[in-house]
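**Student:** Below: one structure in structure tokens.
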Amino acid sequence: MNVRRSAAVLAAVAVFGSAAAPAAFADTASPSPSAKLPSGLYGDGDPKFDGVFRQSYALLAQDSAGVKPADKAVDWLTGQSCASGGYAAYRADAGEPCDSKTTFDSNATAAAVQALAALGGQKKAVDKSVGWLKSVQNQDGGWGYSPGMKSDANSTGIVIGALTAAGEKPEGVKAQSGKTAFNALPALAMSCDKDGGAFGLADVKSGKLSPNADATAAGVLGAHGKGLVVDAAKKKEAAPKCAKADTAEQAAANGTGYLLKTLAKGDDHLMSSMPGAKNMPDLGNTADSVLALAAAGQPEQAEKSAQWLSKNSADWAEKSGPAAYAQLIFAAHAAGMDARDFGGTDLVKQLNAQGPAPEATEKAADEKKDSDDGGVSIWWIIGVGMVAGIGIGFLYSGNRKKQQL
């Protein structure tokens with residue numbers, strides 16, 4: 001289970017009770033021996049808690065790298081949608097209609113919207129899902145993990161990204177109260193003195209907010225109106241100053257400062273500790289922080305953290321699966337690095353291997369065109385050489401071939 005899904009599960013446990021905790025944190029590395037996963041699904045781990053989420057991440061990351069995903073991978077994702085446009089984390093039998101027992105997931109829905117909007121040709125599905133997201137907006141202007149849950153920075157941030165991807169203006173999406181997501185975010189921000197200006201995540205038992213790096217990254221990204229694919233910052237903004245978070249803009253500045261300080265203290269990466277586990281590097285949240293910092297105009301730390309990831313993420317990504325590879329591709333893009341040579345690893349190739357073979361890639365199309373054009377020019381050269389009586393060998397350029405996936 002990737003980091004953001006873990007945060008979502010923690011939020012769900014807070015509402016639905018601690019009985020959900022054991023299942024939520026069970027090992028999801030592989031399904032039961034008798035389980036047969038759909039051929040269009042990316043990853044071979046149990047999709048119960050993250051099927052739609054990881055599929056959406058995978059397809060969006062492929063698109064950002066110039067890869068056209070397999071049709072059946074896209075069909076699997078759209079097939080998971082309920083008639084309302086909302087998504088659950090995963091539906092084993094997508095042929096069965098959604099009902100009152102279906103646990104809808106705003107994070108999965110928002111991730112699916114971002115992926116389908118980027119791929120194109122899915123306007124009807126995107127519009128329906130955006131309509132569902134609007135229908136479950138809380139009166140404070142934000143979103144919770146599921147309808148009826150309190151707003152949280154993770155959910156609100158990723159929904160803002162979905163609205164932007166779908167061509168909506170988040171500031172114009174209002175609850176019946178008249179409030180928007182940019183009204184909700186400041187209320188989810190922590191104090192400067194005690195909490196460093198971070199966005200908070202609710203405690204499972206008490207519901208009290210505590211500083212959280214993943215919530216902060218999501219809050220900063222959302223406050224800037226950005227989705228998961230963030231272009232590298234072209235210029236560095238001034239160092240943020242922490243102040244009372246009475247606006248989403250100030251909350252984002254505070255959160256940016258928190259990430260900068262926390263990353264600097266941690267040798268350019270974040271640390272985390274799950275209950276009962278030792279403190280260890282948090283690669284997923286570090287990758288999310290790169291996106292937030294790029295959106296906030298902090299390219300130096302974004303690149304430093306991405307460079308750290310390029311040297312330390314191989315084992316984590318291999319064990320974690322498609323969503324992890326996607327997070328690294330997003331981070332590489334946000335830092336202006338090459339996802340096909342990320343610390344010597346071709347992240348795009350690794351992601352593609354996690355599911356059905358893509359339809360095509362921009363690089364493959366370019367290579368085919370060069371090959372076709374080269375074939376004509378080569379034979380023309382040979383013909384001229386034969387007429388002139390000069391032996392000319394075949395001339396091939398290896399530059400493009402070195403880019404072969």
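Each chain of the structure tokens is named A, B, ... in the order shown, its residues numbered from 1; ligands are numbered from 1 in display order.
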Go through region 135-244 of chain A and collect every residue that DSSP, computed from the backbone, puts in alpha helix (DSSP H); the answer should be as an NGL selection string.
**Tutor:** :A and (135 or 153-165 or 181-187 or 192-195 or 213-223)
**Student:** Quick one: residues within 7 Å of region 217-223 of chain A, only C-alpha atoms, excluding same-chain residues fewer than 3 positions away - as a ChimeraX atom specification?
**Tutor:** /A:153-154,157-158,160-161,182,185,199,213-214,226,248-249,252,255-256,288-289,292,295
**Student:** Considering only C-alpha atoms, return as a PyMOL selection string whatever protein or nucleic-acid residues lie within 10 Å of region 83-95 of chain A, sequence-local ones (same chain, fewer than 4 positions apart) excluded.
**Tutor:** chain A and resi 5+37-38+46-54+76-79+99+102-113+124-133+135-136+146
**Student:** Any chance you could list, as a list in words, the residues in region 155-345 of chain A that come up strand (DSSP E or B) when DSSP is run on the backbone?
**Tutor:**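 After running DSSP on the backbone, region 155-345 of chain A has strand (DSSP E or B) at Ala189, Phe199, Gly200, Leu201, Ala202, Leu209, Ser210, Pro211, Leu270, Met271, Ser272, Met280, Pro281, Asp282, Phe342 and Thr345 of chain A.
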**Student:** Emit the selected residues as a CSV table (one decimal), in the first residue's frame, including all heavy atoms.
**Tutor:**
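Contents of result.csv, freshly written:
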```
chain,number,residue,atom,x,y,z
A,189,ALA,N,-4.5,23.8,8.6
A,189,ALA,CA,-3.1,24.2,8.8
A,189,ALA,C,-2.8,24.3,10.3
A,189,ALA,O,-3.7,24.7,11.1
A,189,ALA,CB,-2.8,25.5,8.1
A,199,PHE,N,0.6,21.3,7.6
A,199,PHE,CA,-0.8,20.8,7.5
A,199,PHE,C,-0.9,19.6,8.4
A,199,PHE,O,0.0,18.9,8.6
A,199,PHE,CB,-1.3,20.5,6.1
A,199,PHE,CG,-1.6,21.7,5.3
A,199,PHE,CD1,-0.6,22.3,4.5
A,199,PHE,CD2,-2.9,22.2,5.2
A,199,PHE,CE1,-0.9,23.4,3.7
A,199,PHE,CE2,-3.2,23.3,4.4
A,199,PHE,CZ,-2.2,23.9,3.7
A,200,GLY,N,-2.1,19.4,9.0
A,200,GLY,CA,-2.3,18.3,9.9
A,200,GLY,C,-3.1,17.2,9.4
A,200,GLY,O,-3.8,17.3,8.5
A,201,LEU,N,-2.9,16.0,10.0
A,201,LEU,CA,-3.6,14.8,9.8
A,201,LEU,C,-4.3,14.4,11.1
A,201,LEU,O,-3.6,14.5,12.2
A,201,LEU,CB,-2.7,13.7,9.3
A,201,LEU,CG,-3.4,12.3,9.0
A,201,LEU,CD1,-4.2,12.5,7.7
A,201,LEU,CD2,-2.4,11.2,8.8
A,202,ALA,N,-5.6,14.1,11.1
A,202,ALA,CA,-6.3,13.8,12.3
A,202,ALA,C,-5.8,12.5,12.9
A,202,ALA,O,-5.6,11.5,12.3
A,202,ALA,CB,-7.8,13.7,12.0
A,209,LEU,N,-5.7,17.1,15.1
A,209,LEU,CA,-4.7,17.3,14.1
A,209,LEU,C,-3.3,17.3,14.6
A,209,LEU,O,-3.0,17.9,15.7
A,209,LEU,CB,-4.9,18.6,13.3
A,209,LEU,CG,-6.2,18.7,12.4
A,209,LEU,CD1,-6.3,20.1,11.8
A,209,LEU,CD2,-6.2,17.6,11.3
A,210,SER,N,-2.4,16.6,13.9
A,210,SER,CA,-1.0,16.6,14.2
A,210,SER,C,-0.2,16.9,12.9
A,210,SER,O,-0.7,16.5,11.8
A,210,SER,CB,-0.6,15.2,14.8
A,210,SER,OG,-1.2,15.0,16.0
A,211,PRO,N,0.9,17.6,13.0
A,211,PRO,CA,1.7,17.9,11.8
A,211,PRO,C,2.0,16.6,11.0
A,211,PRO,O,2.4,15.6,11.6
A,211,PRO,CB,3.0,18.5,12.4
A,211,PRO,CG,2.6,19.0,13.7
A,211,PRO,CD,1.6,18.0,14.3
A,270,LEU,N,12.6,12.7,4.0
A,270,LEU,CA,11.8,12.7,5.2
A,270,LEU,C,11.9,11.3,5.9
A,270,LEU,O,12.3,10.3,5.3
A,270,LEU,CB,10.3,12.9,4.8
A,270,LEU,CG,10.0,14.2,4.1
A,270,LEU,CD1,8.5,14.2,3.7
A,270,LEU,CD2,10.2,15.4,5.1
A,271,MET,N,11.6,11.3,7.2
A,271,MET,CA,11.6,10.1,7.9
A,271,MET,C,10.2,9.8,8.4
A,271,MET,O,9.4,10.7,8.6
A,271,MET,CB,12.6,10.2,9.1
A,271,MET,CG,14.0,10.5,8.8
A,271,MET,SD,14.8,9.1,7.9
A,271,MET,CE,15.0,7.9,9.3
A,272,SER,N,9.9,8.6,8.6
A,272,SER,CA,8.6,8.2,9.1
A,272,SER,C,8.7,7.0,10.0
A,272,SER,O,9.6,6.2,9.9
A,272,SER,CB,7.6,8.0,8.0
A,272,SER,OG,7.9,6.7,7.4
A,280,MET,N,12.4,5.2,9.9
A,280,MET,CA,13.1,4.9,8.6
A,280,MET,C,12.8,5.9,7.5
A,280,MET,O,11.8,6.7,7.7
A,280,MET,CB,12.7,3.5,8.2
A,280,MET,CG,11.3,3.3,7.9
A,280,MET,SD,10.9,1.5,7.7
A,280,MET,CE,11.8,1.1,6.2
A,281,PRO,N,13.6,6.0,6.5
A,281,PRO,CA,13.3,6.9,5.4
A,281,PRO,C,11.9,6.8,4.8
A,281,PRO,O,11.5,5.6,4.6
A,281,PRO,CB,14.4,6.6,4.4
A,281,PRO,CG,15.5,6.1,5.2
A,281,PRO,CD,14.8,5.2,6.3
A,282,ASP,N,11.3,7.9,4.5
A,282,ASP,CA,9.9,7.9,4.0
A,282,ASP,C,10.0,8.4,2.5
A,282,ASP,O,10.0,9.6,2.2
A,282,ASP,CB,9.1,8.8,4.8
A,282,ASP,CG,7.6,8.8,4.4
A,282,ASP,OD1,7.3,8.3,3.3
A,282,ASP,OD2,6.7,9.1,5.2
A,342,PHE,N,17.0,7.7,-14.0
A,342,PHE,CA,16.9,8.2,-12.7
A,342,PHE,C,17.8,7.4,-11.8
A,342,PHE,O,17.5,6.3,-11.3
A,342,PHE,CB,15.4,8.0,-12.2
A,342,PHE,CG,15.0,8.8,-11.0
A,342,PHE,CD1,14.9,10.2,-11.1
A,342,PHE,CD2,14.7,8.2,-9.8
A,342,PHE,CE1,14.5,10.9,-10.0
A,342,PHE,CE2,14.3,8.9,-8.7
A,342,PHE,CZ,14.2,10.3,-8.8
A,345,THR,N,18.3,4.1,-13.4
A,345,THR,CA,17.1,3.3,-13.5
A,345,THR,C,16.2,3.9,-14.5
A,345,THR,O,15.9,5.1,-14.4
A,345,THR,CB,16.4,3.1,-12.2
A,345,THR,OG1,17.3,2.4,-11.3
A,345,THR,CG2,15.1,2.3,-12.4
```
**Student:** Using only C-alpha atoms, which residues sit within 9 Å of region 297-309 of chain A once same-chain residues fewer than 5 positions away are excluded, as a PyMOL selection string?
**Tutor:** chain A and resi 232-239+256+260+263-264+267-269+283+286-287+289-292+314+328+331-332+334-337+342-343
**Student:** The selected residues should be written to file as an mmCIF file, in the first residue's frame (atoms: C-alpha atoms).
**Tutor:**
```cif
data_model
loop_
_atom_site.group_PDB
_atom_site.id
_atom_site.type_symbol
_atom_site.label_atom_id
_atom_site.label_comp_id
_atom_site.auth_asym_id
_atom_site.auth_seq_id
_atom_site.Cartn_x
_atom_site.Cartn_y
_atom_site.Cartn_z
ATOM 1 C CA ALA A 232 9.828 22.031 -12.851
ATOM 2 C CA ALA A 233 9.923 25.536 -11.374
ATOM 3 C CA LYS A 234 11.553 28.005 -13.753
ATOM 4 C CA LYS A 235 12.552 30.465 -11.053
ATOM 5 C CA LYS A 236 13.051 30.382 -7.322
ATOM 6 C CA GLU A 237 10.563 32.192 -5.150
ATOM 7 C CA ALA A 238 11.591 34.000 -1.982
ATOM 8 C CA ALA A 239 11.932 31.951 1.173
ATOM 9 C CA THR A 256 6.368 25.026 2.127
ATOM 10 C CA LEU A 260 12.024 22.925 3.456
ATOM 11 C CA LEU A 263 13.951 18.021 4.436
ATOM 12 C CA ALA A 264 17.065 20.039 5.268
ATOM 13 C CA ASP A 267 19.588 15.066 4.608
ATOM 14 C CA ASP A 268 17.074 15.961 1.851
ATOM 15 C CA HIS A 269 14.551 13.254 2.702
ATOM 16 C CA LEU A 283 10.397 7.757 0.230
ATOM 17 C CA THR A 286 9.680 12.644 0.006
ATOM 18 C CA ALA A 287 8.502 12.169 -3.586
ATOM 19 C CA SER A 289 7.241 16.823 -1.250
ATOM 20 C CA VAL A 290 9.207 17.278 -4.466
ATOM 21 C CA LEU A 291 5.941 18.015 -6.299
ATOM 22 C CA ALA A 292 4.836 20.474 -3.627
ATOM 23 C CA ALA A 314 15.264 1.317 -6.310
ATOM 24 C CA LEU A 328 9.102 8.711 -8.711
ATOM 25 C CA ALA A 331 9.070 13.619 -8.813
ATOM 26 C CA ALA A 332 11.590 13.355 -11.648
ATOM 27 C CA ALA A 334 8.868 18.100 -11.157
ATOM 28 C CA ALA A 335 12.626 18.310 -10.565
ATOM 29 C CA GLY A 336 13.500 18.536 -14.265
ATOM 30 C CA MET A 337 15.209 15.136 -14.252
ATOM 31 C CA PHE A 342 16.858 8.186 -12.687
ATOM 32 C CA GLY A 343 19.990 7.202 -10.842
#
```
**Student:** To one decimal place, how far is CA of Ala184 (chain A) from CA of Gln327 (chain A) in Å?
**Tutor:**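 These atoms are spaced 25.7 Å apart.
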**Student:** Just the number, please: distance in Å from CA of Trp316 (chain A) to CA of Phe330 (chain A), one decimal.
**Tutor:**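 CA of Phe330 (chain A) lies at a distance of 15.7 Å from CA of Trp316 (chain A).
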